[in-house]
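**Q** Got a structure for you, questions after.
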Amino acid sequence: MGVLNITPDSFSDGGSFTQIESAVQHALKMAEQGATIIDIGGESTRPNALPVSTDEEIQRVVPVIEGIRHKSDIAISIDTSKADVMKAAIEAGADFINDVYALQRTGSLDMAASLGVPVCLMHMQADPTTMQDQPHYLNVVEELNDFFAQRIAACEQVGIAKGKIILDPGFGFGKTLQHNLTLLAKLKEFESHGCPILAGLSRKSMFGQLLDKKVDERLIGSVSAALLAVANGASIVRVHDVAETADALKVYMAVQAAK
Ligand SMILES: Nc1nc2[nH]c(S[C@@H](C(=O)O)c3ccccc3)nc2c(=O)[nH]1
């Protein structure tokens, strides 16, 4: 899964032609490099990011989805928590929903049900503005499993079949370094729900903490962690550096095949 953040360029807000065209080109390049899914996000979940209106978010993502769909049938996920953005994105040609709020925000659960597409449910403790202030769990794996069970039940109640659900521990979303390491080490413990696991580790602050590297120096850490996530049961890894990760996973898969 290649990450495509549609954030405004310095000249204009979302929707400028150059921004749309460069986003489409970037998506096509990631597809060429081996991405099988393009994850499109119109609002940063950065703690101090300004909130983006529904209309603004739609204006950012829809032209890019249309632009990609015009050139490629690669799978596209929409990284949003807003019901109306989900609707607009799926109608524009996206294939499934990636919601860091796990369909907990107003109207999103019913919208996902009515759209009838797969959904990735990610765990987040608290919200982006507070989640990194002393994250605490009695048992992080158990608490995430409880969360997943509860969200899966909520989905099944509105007719979203379990076969349409992907689970994601939400690395960095209300977790200390130790929590992130435990979740990666014990990723297999989330397989009990019978849903594929998605891991989003790419360039995250855990590598800053572990390796003392800035965000643009975290390639090796990110590729190493993506390989470990797949070795520990992840079916999808959400990454910025597609070519490098694809190579690492090719090596991993070739060795697996030789077992
Ligand atoms: N499913 C799924 N969706 C995701 N969207 C993101 S945004 C994140 C980032 O670092 O990319 C981020 C966090 C905070 C600020 C900016 C960007 N992370 C995930 C993930 O881990 N899983």
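To be explicit about the labels: the chains of the structure tokens are called A, B, and onward in the order shown, and within each one the residues are counted from 1, while ligands get numbers from 1 in the order they are shown.
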Taking the chain letters and numbering used in this document, name the residues of segment 113-164 of chain A that DSSP puts in strand (DSSP E), as a PDB file with C-alpha atoms, in the first residue's frame.

**A**
```pdb
ATOM      1  CA  VAL A 119     -12.941  -1.192   5.465  1.00  0.00           C
ATOM      2  CA  CYS A 120      -9.693  -1.028   7.417  1.00  0.00           C
ATOM      3  CA  LEU A 121     -10.382  -0.453  11.132  1.00  0.00           C
ATOM      4  CA  MET A 122      -7.373   1.121  12.835  1.00  0.00           C
TER       5      MET A 122
END
```

**Q** Give as a ChimeraX atom specification the residues surrounding ligand 1 up to a distance of 7 Å, considering only C-alpha atoms and all ligand atoms.

**A** /A:44-47,79,98-100,120,122,168,170-171,198-204,238

**Q** Work out how far atom CA of Met30 of chain A is from atom CA of Val52 of chain A, in Å to one decimal.

**A**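 Straight-line distance from atom CA of Val52 of chain A to atom CA of Met30 of chain A works out to 25.8 Å.
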
**Q** Work out how far atom CA of Glu43 of chain A is from atom CA of Ile6 of chain A, in Å to one decimal.

**A**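 Those two atoms sit 7.5 Å apart.
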
**Q** Do you know which residues are at most 8 Å from Gly2 of chain A counting only C-alpha atoms, after dropping those on the same chain fewer than 4 positions away, and could you put them as a list in words?

**A**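 The residues satisfying every condition are Ala27, Met30, Ala31, Ala35, Thr36, Ile37, Ile38, Asp39, Arg238, Val239, His240, Asp241 and Val242 of chain A.
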
**Q** Report the distance between atom CA of Pro196 of chain A and atom CA of Ser235 of chain A in Å, rounded to one decimal place.

**A**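 Interatomic distance, atom CA of Pro196 of chain A to atom CA of Ser235 of chain A: 5.8 Å.
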
**Q** Calculated over only C-alpha atoms, which of the candidates A:Glu244, A:Gln33, A:Val237, A:Val117 has the smallest distance to Ile220 of chain A?

**A**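 Closest residue, counting only C-alpha atoms: A:Glu244.
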
**Q** For Ala185 of chain A, please output as a list in words all residues within 9 Å (counting only C-alpha atoms; exclusion window: fewer than 6 positions along the same chain).

**A**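 Near neighbours after the sequence-gap exclusion: Leu228, Ala229 and Asn232 of chain A.
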
**Q** For N, CA and C atoms, I'd like the residues from the last selection saved as a short mmCIF file (atom, residue, chain, number, x, y, z; two decimals), in the first residue's frame.

**A**
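New file part.cif:
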```
data_model
loop_
_atom_site.label_atom_id
_atom_site.label_comp_id
_atom_site.auth_asym_id
_atom_site.auth_seq_id
_atom_site.Cartn_x
_atom_site.Cartn_y
_atom_site.Cartn_z
N LEU A 228 9.54 -7.21 8.91
CA LEU A 228 9.19 -7.88 10.18
C LEU A 228 7.67 -7.99 10.33
N ALA A 229 6.96 -6.96 9.91
CA ALA A 229 5.49 -6.99 10.03
C ALA A 229 4.92 -8.11 9.19
N ASN A 232 5.64 -11.36 10.66
CA ASN A 232 4.78 -11.58 11.84
C ASN A 232 3.30 -11.58 11.50
#
```

**Q** Select, from A:Val140, A:Glu217, A:Lys29, A:Thr80, the residue with the minimum atom-to-atom distance to Glu189 of chain A, counting only C-alpha atoms.

**A**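 The answer is A:Val140, which sits nearest to Glu189 of chain A.
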
**Q** Measuring atom to atom with only C-alpha atoms, identify which of A:Val230, A:Ala113, A:Val24, A:Leu181 is nearest to Gln157 of chain A.

**A** A:Ala113
